[in-house]
file input_11.txt (compact mmCIF, C-alpha atoms)
# COMPACT_ATOMS: atom_id res chain seq x y z
CA MET A 1 -32.52 26.91 60.74
CA ASN A 2 -29.77 29.25 61.82
CA GLN A 3 -26.92 28.17 59.58
CA LYS A 4 -23.51 29.16 60.91
CA ARG A 5 -21.76 28.31 57.66
CA PRO A 6 -21.34 31.35 55.36
CA LYS A 7 -24.00 31.32 52.63
CA VAL A 8 -21.45 31.80 49.84
CA LYS A 9 -19.36 28.80 50.92
CA LYS A 10 -22.48 26.73 51.33
CA SER A 11 -23.67 27.79 47.88
CA ARG A 12 -20.38 26.71 46.30
CA ALA A 13 -20.38 23.41 48.17
CA LEU A 14 -23.90 22.59 46.92
CA GLY A 15 -23.41 23.99 43.43
CA ILE A 16 -26.32 26.47 43.64
CA ALA A 17 -26.55 30.16 44.58
CA LEU A 18 -28.62 30.40 47.76
CA THR A 19 -28.67 34.23 47.91
CA PRO A 20 -28.38 37.05 45.35
CA LYS A 21 -25.01 37.95 46.88
CA ALA A 22 -23.78 34.40 46.32
CA VAL A 23 -24.50 34.58 42.59
CA LYS A 24 -21.49 36.77 41.70
CA TYR A 25 -19.14 34.80 43.94
CA PHE A 26 -20.44 31.56 42.48
CA GLU A 27 -19.87 32.82 38.93
CA ALA A 28 -16.27 33.74 39.79
CA ARG A 29 -15.52 30.46 41.56
CA PRO A 30 -17.82 27.73 40.24
CA TYR A 31 -16.22 24.97 42.27
CA PRO A 32 -16.50 23.81 45.92
CA PRO A 33 -14.69 25.82 48.63
CA GLY A 34 -11.41 24.74 50.21
CA GLU A 35 -7.96 23.86 48.88
CA HIS A 36 -9.26 20.67 47.28
CA GLY A 37 -12.30 22.33 45.73
CA ARG A 38 -11.01 22.02 42.18
CA GLY A 39 -9.77 18.47 42.58
CA ARG A 40 -11.40 15.53 40.85
CA LYS A 41 -13.81 13.70 43.09
CA GLN A 42 -15.44 10.34 42.64
CA ASN A 43 -19.11 10.38 43.54
CA SER A 44 -20.91 7.27 44.69
CA ASP A 45 -24.63 6.85 43.96
CA TYR A 46 -25.30 7.51 47.64
CA LYS A 47 -23.27 10.73 47.61
CA VAL A 48 -25.06 12.01 44.50
CA ARG A 49 -28.48 11.40 46.12
CA LEU A 50 -27.34 12.89 49.43
CA LEU A 51 -26.10 16.04 47.70
CA GLU A 52 -29.39 16.46 45.84
CA LYS A 53 -31.32 16.10 49.09
CA GLN A 54 -29.06 18.69 50.75
CA ARG A 55 -29.53 21.07 47.81
CA LEU A 56 -33.31 20.89 48.13
CA ARG A 57 -33.14 21.31 51.91
CA ALA A 58 -30.88 24.34 51.57
CA GLN A 59 -33.16 26.11 49.09
CA TYR A 60 -35.98 25.99 51.63
CA ASP A 61 -33.64 26.35 54.64
CA ILE A 62 -35.30 23.51 56.55
CA SER A 63 -34.09 20.87 59.01
CA GLU A 64 -33.67 17.20 58.19
CA ARG A 65 -36.67 16.43 60.37
CA GLN A 66 -38.88 18.88 58.46
CA MET A 67 -37.67 17.41 55.18
CA ALA A 68 -38.45 13.85 56.27
CA ARG A 69 -41.93 14.89 57.38
CA ALA A 70 -42.59 16.57 54.04
CA TYR A 71 -41.42 13.41 52.27
CA ASP A 72 -43.80 11.27 54.35
CA ARG A 73 -46.72 13.52 53.35
CA ALA A 74 -45.62 13.49 49.69
CA LYS A 75 -45.62 9.68 49.66
CA LYS A 76 -49.34 9.73 50.46
CA ALA A 77 -50.18 12.22 47.71
CA GLU A 78 -51.38 11.30 44.25
CA GLY A 79 -48.91 11.36 41.36
CA LYS A 80 -45.13 11.33 41.51
CA THR A 81 -43.70 11.48 45.03
CA GLY A 82 -40.79 13.75 44.00
CA GLU A 83 -43.05 16.36 42.43
CA ALA A 84 -45.43 16.17 45.39
CA LEU A 85 -42.48 16.74 47.73
CA VAL A 86 -41.41 19.96 46.01
CA VAL A 87 -45.02 21.20 45.92
CA GLU A 88 -45.34 20.38 49.61
CA LEU A 89 -42.26 22.48 50.42
CA GLU A 90 -43.35 25.31 48.14
CA ARG A 91 -46.59 25.70 50.10
CA ARG A 92 -44.62 26.73 53.21
CA LEU A 93 -45.44 30.28 54.28
CA ASP A 94 -41.82 31.47 54.25
CA ALA A 95 -41.28 30.07 50.73
CA LEU A 96 -44.31 31.93 49.37
CA VAL A 97 -43.31 35.19 51.11
CA LEU A 98 -40.04 34.87 49.18
CA ARG A 99 -41.71 34.05 45.84
CA SER A 100 -44.10 36.99 46.20
CA GLY A 101 -41.22 39.48 46.26
CA ILE A 102 -41.89 40.63 49.83
CA ALA A 103 -38.54 39.13 50.91
CA ARG A 104 -35.16 39.02 49.17
CA THR A 105 -34.01 35.62 50.47
CA ILE A 106 -35.52 32.59 52.18
CA TYR A 107 -33.63 33.63 55.32
CA GLN A 108 -35.24 37.06 55.34
CA ALA A 109 -38.66 35.54 54.63
CA ARG A 110 -38.29 33.19 57.59
CA GLN A 111 -37.30 36.11 59.84
CA MET A 112 -40.30 38.16 58.73
CA VAL A 113 -42.65 35.31 59.64
CA VAL A 114 -40.96 34.44 62.96
CA HIS A 115 -40.99 38.08 64.07
CA GLY A 116 -44.75 38.26 63.59
CA HIS A 117 -44.91 40.59 60.59
CA ILE A 118 -47.11 38.32 58.44
CA GLU A 119 -50.84 37.56 58.54
CA VAL A 120 -52.77 34.78 56.83
CA ASN A 121 -56.46 35.58 56.28
CA GLY A 122 -56.22 38.39 58.84
CA ALA A 123 -54.60 36.32 61.62
CA LYS A 124 -50.94 36.58 62.65
CA VAL A 125 -48.91 33.48 61.80
CA ASP A 126 -45.35 33.16 63.12
CA LYS A 127 -44.58 29.62 61.95
CA PRO A 128 -42.50 29.54 58.73
CA SER A 129 -43.65 25.94 58.16
CA PHE A 130 -47.33 26.98 58.06
CA ARG A 131 -48.85 25.27 54.99
CA VAL A 132 -50.69 27.78 52.83
CA ARG A 133 -53.87 26.58 51.11
CA PRO A 134 -55.35 27.78 47.83
CA ASP A 135 -57.33 31.04 48.27
CA ASP A 136 -55.43 31.97 51.45
CA VAL A 137 -54.56 35.68 51.50
CA ILE A 138 -51.19 36.67 52.99
CA THR A 139 -50.50 40.25 54.03
CA VAL A 140 -47.90 42.22 55.96
CA ARG A 141 -49.41 43.35 59.28
CA GLU A 142 -50.53 46.97 59.40
CA ARG A 143 -48.11 47.94 62.17
CA SER A 144 -45.12 46.47 60.27
CA ARG A 145 -45.65 48.14 56.91
CA GLU A 146 -43.51 51.22 57.53
CA LYS A 147 -40.43 49.19 58.46
CA VAL A 148 -37.61 49.63 55.93
CA PRO A 149 -37.61 46.08 54.47
CA PHE A 150 -41.31 46.35 53.65
CA GLN A 151 -40.90 49.81 52.13
CA ILE A 152 -38.25 48.31 49.83
CA ALA A 153 -40.55 45.39 49.00
CA ARG A 154 -43.43 47.75 48.21
CA GLU A 155 -41.29 49.46 45.58
CA GLY A 156 -40.31 46.13 44.02
CA GLY A 157 -36.81 46.10 45.48
CA TYR A 158 -36.89 42.37 46.21
CA ALA A 159 -38.87 41.23 43.18
CA GLY A 160 -35.67 40.52 41.25
CA GLU A 161 -35.55 39.68 37.58
CA GLY A 162 -37.66 36.53 37.67
CA GLU A 163 -41.36 36.49 36.94
CA THR A 164 -43.88 36.03 39.73
CA PRO A 165 -44.99 32.37 39.71
CA ARG A 166 -48.38 31.88 38.08
CA TYR A 167 -49.86 30.27 41.18
CA LEU A 168 -49.59 33.58 43.06
CA GLN A 169 -51.65 36.75 42.69
CA VAL A 170 -49.40 39.51 44.05
CA ASN A 171 -50.05 43.15 44.91
CA LEU A 172 -46.74 44.53 46.18
CA LYS A 173 -48.11 48.04 46.69
CA ALA A 174 -50.55 46.54 49.18
CA LEU A 175 -47.89 44.12 50.50
CA ALA A 176 -50.31 41.28 49.90
CA PHE A 177 -50.65 38.14 47.82
CA ARG A 178 -52.93 35.14 47.39
CA LEU A 179 -52.20 31.51 46.56
CA ASP A 180 -54.57 30.92 43.65
CA ARG A 181 -53.97 27.17 43.41
CA ASP A 182 -51.49 24.45 44.20
CA PRO A 183 -48.25 24.99 42.25
CA ASN A 184 -47.16 22.67 39.44
CA ARG A 185 -43.62 21.34 39.80
CA LYS A 186 -42.48 22.86 36.50
CA GLU A 187 -43.53 26.33 37.71
CA ILE A 188 -41.52 26.18 40.95
CA PRO A 189 -38.13 27.94 40.62
CA VAL A 190 -36.14 25.33 42.53
CA ILE A 191 -33.03 23.60 41.18
CA CYS A 192 -33.40 19.93 42.00
CA ASP A 193 -33.65 16.45 40.53
CA GLU A 194 -36.34 15.41 42.97
CA GLN A 195 -36.26 11.78 41.82
CA LEU A 196 -32.78 11.48 43.37
CA VAL A 197 -34.21 12.81 46.64
CA VAL A 198 -36.94 10.16 46.55
CA GLU A 199 -34.31 7.49 45.92
CA TYR A 200 -32.31 8.79 48.89
CA TYR A 201 -35.24 8.36 51.28
CA ALA A 202 -36.44 5.11 49.71
CA ARG A 203 -33.08 3.38 50.10

call {"tool": "encode", "arguments": {"input": "input_11.txt", "output": "structure tokens"}}
result
Amino acid sequence: MNQKRPKVKKSRALGIALTPKAVKYFEARPYPPGEHGRGRKQNSDYKVRLLEKQRLRAQYDISERQMARAYDRAKKAEGKTGEALVVELERRLDALVLRSGIARTIYQARQMVVHGHIEVNGAKVDKPSFRVRPDDVITVRERSREKVPFQIAREGGYAGEGETPRYLQVNLKALAFRLDRDPNRKEIPVICDEQLVVEYYAR
């Protein structure tokens, strides 16, 4: 997903900071962009559900088609469909590269995967949508490790202030991590009322 819209404007429109840079702009202007951004708006039930779906899509930087496919898989899973949907998205390779601290943003994580810098169980994987399974080991390829972004990652430059999710075992010095188990929804650092997303698709 190559989004042409500036990330800061998109963050303000959706009400969530999509990049670290967007955080400070969002704090200064916590309302939608444009001359009518501060105006009072009436939200229909449909619009509320649509916005929530767009917020979830944006946090994983995926297309509508990818989102619909993930929803179809989540419907077949046990338990609540909304929670299963978020877990399904969280198991994407680019999402876990971000969570591990190897990348700073979901956009950078996607680029790292697409450009062939990431291996899963010793084999190169260049599909960001690759679904990681428990016990899979993800590493930065040997020939990529001296590139500047990975040197920064090795020193913890992208790890941020948040804790590493409990479902990951991370060794940044080795530029490697393992998915220990499927995530639980409450552990996934995504801002979303997933029930509204389910209602959007079930309409």

call {"tool": "axis_aligned_box", "arguments": {"input": "input_11.txt", "around": "stretch 185-193 of chain A", "padding_each_side": "6 Å", "output": "AutoDock Vina command-line options"}}
result
--center_x -38.3 --center_y 22.2 --center_z 39.5 --size_x 22.6 --size_y 23.5 --size_z 18.0

call {"tool": "atom_distance", "arguments": {"input": "input_11.txt", "atom1": "atom CA of A:Asp182", "atom2": "atom CA of A:Val86"}}
result
11.2 Å

call {"tool": "closest_atom_pairs", "arguments": {"input": "input_11.txt", "of": "stretch 59-139 of chain A", "to": "stretch 162-178 of chain A", "cutoff": "9 Å", "atoms": "all atoms listed in the file", "output": "tab-separated table"}}
result
residue	atom	partner	partner_atom	distance
A:Leu96	CA	A:Leu168	CA	8.4
A:Val97	CA	A:Phe177	CA	8.6
A:Arg99	CA	A:Thr164	CA	6.8
A:Ser100	CA	A:Val170	CA	6.3
A:Gly101	CA	A:Leu172	CA	7.5
A:Ile102	CA	A:Leu175	CA	7.0
A:Pro134	CA	A:Arg178	CA	7.8
A:Asp135	CA	A:Arg178	CA	6.1
A:Asp136	CA	A:Arg178	CA	5.7
A:Val137	CA	A:Arg178	CA	4.5
A:Ile138	CA	A:Phe177	CA	5.4
A:Thr139	CA	A:Ala176	CA	4.3

call {"tool": "atom_distance", "arguments": {"input": "input_11.txt", "atom1": "atom CA of A:Asp94", "atom2": "atom CA of A:Ala17"}}
result
18.1 Å

call {"tool": "atom_distance", "arguments": {"input": "input_11.txt", "atom1": "atom CA of A:Val140", "atom2": "atom CA of A:Leu98"}}
result
12.7 Å

call {"tool": "residues_around", "arguments": {"input": "input_11.txt", "residues": "A:Val190", "least_positions_apart": "3", "cutoff": "9 Å", "atoms": "only C-alpha atoms", "output": "VMD selection string"}}
result
chain A and resid 56 59 86 185 187

call {"tool": "residues_around", "arguments": {"input": "input_11.txt", "residues": "A:Ile62", "least_positions_apart": "4", "cutoff": "12 Å", "atoms": "all atoms listed in the file", "output": "PyMOL selection string"}}
result
chain A and resi 1-3+53-58+66-70+89-90+92+94-95+106-107+110+128-129

call {"tool": "closest_residue", "arguments": {"input": "input_11.txt", "among": "A:Gly82, A:Asn43, A:Ala74, A:Tyr60", "to": "A:Leu196", "atoms": "only C-alpha atoms"}}
result
A:Gly82

call {"tool": "residues_near_point", "arguments": {"input": "input_11.txt", "point": "(-45.3, 15.6, 40.8)", "cutoff": "10 Å", "atoms": "all atoms listed in the file", "output": "list in words"}}
result
Ala74, Ala77, Glu78, Gly79, Lys80, Thr81, Gly82, Glu83, Ala84, Leu85, Val86, Val87, Pro183, Asn184, Arg185, Lys186, Glu194 and Gln195 of chain A

call {"tool": "closest_residue", "arguments": {"input": "input_11.txt", "among": "A:Glu142, A:Leu179, A:Ala103, A:Arg133", "to": "A:Arg154", "atoms": "all atoms listed in the file"}}
result
A:Ala103

call {"tool": "decode", "arguments": {"input": "input_11.txt", "residues": "stretch 97-110 of chain A", "atoms": "all heavy atoms", "output": "PDB file, in the first residue's frame"}}
result
ATOM      1  N   VAL A  97       7.585  -7.642  12.409  1.00  0.00           N
ATOM      2  CA  VAL A  97       8.875  -6.959  12.268  1.00  0.00           C
ATOM      3  C   VAL A  97       8.814  -5.607  12.984  1.00  0.00           C
ATOM      4  O   VAL A  97       9.749  -5.195  13.667  1.00  0.00           O
ATOM      5  CB  VAL A  97       9.247  -6.781  10.771  1.00  0.00           C
ATOM      6  CG1 VAL A  97      10.437  -5.826  10.613  1.00  0.00           C
ATOM      7  CG2 VAL A  97       9.578  -8.136  10.154  1.00  0.00           C
ATOM      8  N   LEU A  98       7.673  -4.928  12.861  1.00  0.00           N
ATOM      9  CA  LEU A  98       7.474  -3.662  13.575  1.00  0.00           C
ATOM     10  C   LEU A  98       7.459  -3.877  15.083  1.00  0.00           C
ATOM     11  O   LEU A  98       8.158  -3.193  15.832  1.00  0.00           O
ATOM     12  CB  LEU A  98       6.158  -3.014  13.131  1.00  0.00           C
ATOM     13  CG  LEU A  98       5.677  -1.819  13.960  1.00  0.00           C
ATOM     14  CD1 LEU A  98       6.650  -0.648  13.852  1.00  0.00           C
ATOM     15  CD2 LEU A  98       4.280  -1.394  13.523  1.00  0.00           C
ATOM     16  N   ARG A  99       6.664  -4.827  15.559  1.00  0.00           N
ATOM     17  CA  ARG A  99       6.528  -5.058  17.009  1.00  0.00           C
ATOM     18  C   ARG A  99       7.858  -5.445  17.645  1.00  0.00           C
ATOM     19  O   ARG A  99       8.117  -5.150  18.814  1.00  0.00           O
ATOM     20  CB  ARG A  99       5.521  -6.169  17.279  1.00  0.00           C
ATOM     21  CG  ARG A  99       4.137  -5.917  16.759  1.00  0.00           C
ATOM     22  CD  ARG A  99       3.346  -4.914  17.553  1.00  0.00           C
ATOM     23  NE  ARG A  99       2.034  -4.826  16.948  1.00  0.00           N
ATOM     24  CZ  ARG A  99       1.544  -3.764  16.340  1.00  0.00           C
ATOM     25  NH1 ARG A  99       2.243  -2.642  16.311  1.00  0.00           N
ATOM     26  NH2 ARG A  99       0.343  -3.781  15.800  1.00  0.00           N
ATOM     27  N   SER A 100       8.708  -6.132  16.881  1.00  0.00           N
ATOM     28  CA  SER A 100       9.967  -6.621  17.442  1.00  0.00           C
ATOM     29  C   SER A 100      10.957  -5.491  17.726  1.00  0.00           C
ATOM     30  O   SER A 100      11.903  -5.670  18.489  1.00  0.00           O
ATOM     31  CB  SER A 100      10.618  -7.615  16.468  1.00  0.00           C
ATOM     32  OG  SER A 100      11.105  -6.935  15.312  1.00  0.00           O
ATOM     33  N   GLY A 101      10.741  -4.327  17.072  1.00  0.00           N
ATOM     34  CA  GLY A 101      11.679  -3.228  17.229  1.00  0.00           C
ATOM     35  C   GLY A 101      12.726  -3.170  16.133  1.00  0.00           C
ATOM     36  O   GLY A 101      13.629  -2.337  16.159  1.00  0.00           O
ATOM     37  N   ILE A 102      12.594  -4.053  15.124  1.00  0.00           N
ATOM     38  CA  ILE A 102      13.533  -4.026  14.001  1.00  0.00           C
ATOM     39  C   ILE A 102      13.189  -2.877  13.053  1.00  0.00           C
ATOM     40  O   ILE A 102      14.057  -2.349  12.362  1.00  0.00           O
ATOM     41  CB  ILE A 102      13.548  -5.390  13.275  1.00  0.00           C
ATOM     42  CG1 ILE A 102      14.236  -6.430  14.178  1.00  0.00           C
ATOM     43  CG2 ILE A 102      14.238  -5.312  11.913  1.00  0.00           C
ATOM     44  CD1 ILE A 102      14.217  -7.844  13.639  1.00  0.00           C
ATOM     45  N   ALA A 103      11.917  -2.479  13.022  1.00  0.00           N
ATOM     46  CA  ALA A 103      11.485  -1.347  12.196  1.00  0.00           C
ATOM     47  C   ALA A 103      10.833  -0.285  13.066  1.00  0.00           C
ATOM     48  O   ALA A 103      10.295  -0.582  14.143  1.00  0.00           O
ATOM     49  CB  ALA A 103      10.510  -1.815  11.115  1.00  0.00           C
ATOM     50  N   ARG A 104      10.848   0.956  12.569  1.00  0.00           N
ATOM     51  CA  ARG A 104      10.283   2.084  13.323  1.00  0.00           C
ATOM     52  C   ARG A 104       8.795   2.268  13.045  1.00  0.00           C
ATOM     53  O   ARG A 104       8.036   2.686  13.916  1.00  0.00           O
ATOM     54  CB  ARG A 104      11.046   3.361  12.951  1.00  0.00           C
ATOM     55  CG  ARG A 104      10.599   4.619  13.691  1.00  0.00           C
ATOM     56  CD  ARG A 104      11.582   5.740  13.430  1.00  0.00           C
ATOM     57  NE  ARG A 104      11.217   6.962  14.139  1.00  0.00           N
ATOM     58  CZ  ARG A 104      10.648   8.016  13.564  1.00  0.00           C
ATOM     59  NH1 ARG A 104      10.373   7.996  12.264  1.00  0.00           N
ATOM     60  NH2 ARG A 104      10.356   9.097  14.264  1.00  0.00           N
ATOM     61  N   THR A 105       8.378   1.992  11.812  1.00  0.00           N
ATOM     62  CA  THR A 105       6.971   2.138  11.421  1.00  0.00           C
ATOM     63  C   THR A 105       6.539   0.937  10.598  1.00  0.00           C
ATOM     64  O   THR A 105       7.377   0.176  10.097  1.00  0.00           O
ATOM     65  CB  THR A 105       6.758   3.395  10.556  1.00  0.00           C
ATOM     66  OG1 THR A 105       7.438   3.204   9.301  1.00  0.00           O
ATOM     67  CG2 THR A 105       7.295   4.653  11.248  1.00  0.00           C
ATOM     68  N   ILE A 106       5.233   0.783  10.423  1.00  0.00           N
ATOM     69  CA  ILE A 106       4.719  -0.313   9.603  1.00  0.00           C
ATOM     70  C   ILE A 106       5.171  -0.140   8.156  1.00  0.00           C
ATOM     71  O   ILE A 106       5.396  -1.115   7.437  1.00  0.00           O
ATOM     72  CB  ILE A 106       3.173  -0.412   9.708  1.00  0.00           C
ATOM     73  CG1 ILE A 106       2.661  -1.707   9.050  1.00  0.00           C
ATOM     74  CG2 ILE A 106       2.492   0.804   9.097  1.00  0.00           C
ATOM     75  CD1 ILE A 106       3.090  -2.970   9.729  1.00  0.00           C
ATOM     76  N   TYR A 107       5.361   1.105   7.730  1.00  0.00           N
ATOM     77  CA  TYR A 107       5.789   1.369   6.353  1.00  0.00           C
ATOM     78  C   TYR A 107       7.232   0.908   6.144  1.00  0.00           C
ATOM     79  O   TYR A 107       7.573   0.330   5.113  1.00  0.00           O
ATOM     80  CB  TYR A 107       5.645   2.857   6.028  1.00  0.00           C
ATOM     81  CG  TYR A 107       4.305   3.419   6.461  1.00  0.00           C
ATOM     82  CD1 TYR A 107       4.195   4.218   7.602  1.00  0.00           C
ATOM     83  CD2 TYR A 107       3.137   3.097   5.762  1.00  0.00           C
ATOM     84  CE1 TYR A 107       2.969   4.701   8.026  1.00  0.00           C
ATOM     85  CE2 TYR A 107       1.906   3.585   6.182  1.00  0.00           C
ATOM     86  CZ  TYR A 107       1.817   4.377   7.315  1.00  0.00           C
ATOM     87  OH  TYR A 107       0.597   4.837   7.731  1.00  0.00           O
ATOM     88  N   GLN A 108       8.069   1.167   7.135  1.00  0.00           N
ATOM     89  CA  GLN A 108       9.459   0.719   7.053  1.00  0.00           C
ATOM     90  C   GLN A 108       9.533  -0.808   7.124  1.00  0.00           C
ATOM     91  O   GLN A 108      10.322  -1.435   6.407  1.00  0.00           O
ATOM     92  CB  GLN A 108      10.283   1.340   8.187  1.00  0.00           C
ATOM     93  CG  GLN A 108      11.774   1.013   8.081  1.00  0.00           C
ATOM     94  CD  GLN A 108      12.583   1.572   9.242  1.00  0.00           C
ATOM     95  OE1 GLN A 108      12.136   1.569  10.380  1.00  0.00           O
ATOM     96  NE2 GLN A 108      13.787   2.042   8.955  1.00  0.00           N
ATOM     97  N   ALA A 109       8.716  -1.401   7.981  1.00  0.00           N
ATOM     98  CA  ALA A 109       8.699  -2.863   8.113  1.00  0.00           C
ATOM     99  C   ALA A 109       8.314  -3.520   6.790  1.00  0.00           C
ATOM    100  O   ALA A 109       8.937  -4.496   6.357  1.00  0.00           O
ATOM    101  CB  ALA A 109       7.716  -3.276   9.218  1.00  0.00           C
ATOM    102  N   ARG A 110       7.295  -2.969   6.138  1.00  0.00           N
ATOM    103  CA  ARG A 110       6.861  -3.498   4.845  1.00  0.00           C
ATOM    104  C   ARG A 110       8.003  -3.412   3.829  1.00  0.00           C
ATOM    105  O   ARG A 110       8.255  -4.345   3.068  1.00  0.00           O
ATOM    106  CB  ARG A 110       5.648  -2.706   4.346  1.00  0.00           C
ATOM    107  CG  ARG A 110       5.232  -3.014   2.912  1.00  0.00           C
ATOM    108  CD  ARG A 110       4.101  -2.107   2.488  1.00  0.00           C
ATOM    109  NE  ARG A 110       2.913  -2.378   3.285  1.00  0.00           N
ATOM    110  CZ  ARG A 110       2.024  -3.311   2.957  1.00  0.00           C
ATOM    111  NH1 ARG A 110       2.181  -4.030   1.878  1.00  0.00           N
ATOM    112  NH2 ARG A 110       0.969  -3.501   3.712  1.00  0.00           N
TER     113      ARG A 110
END
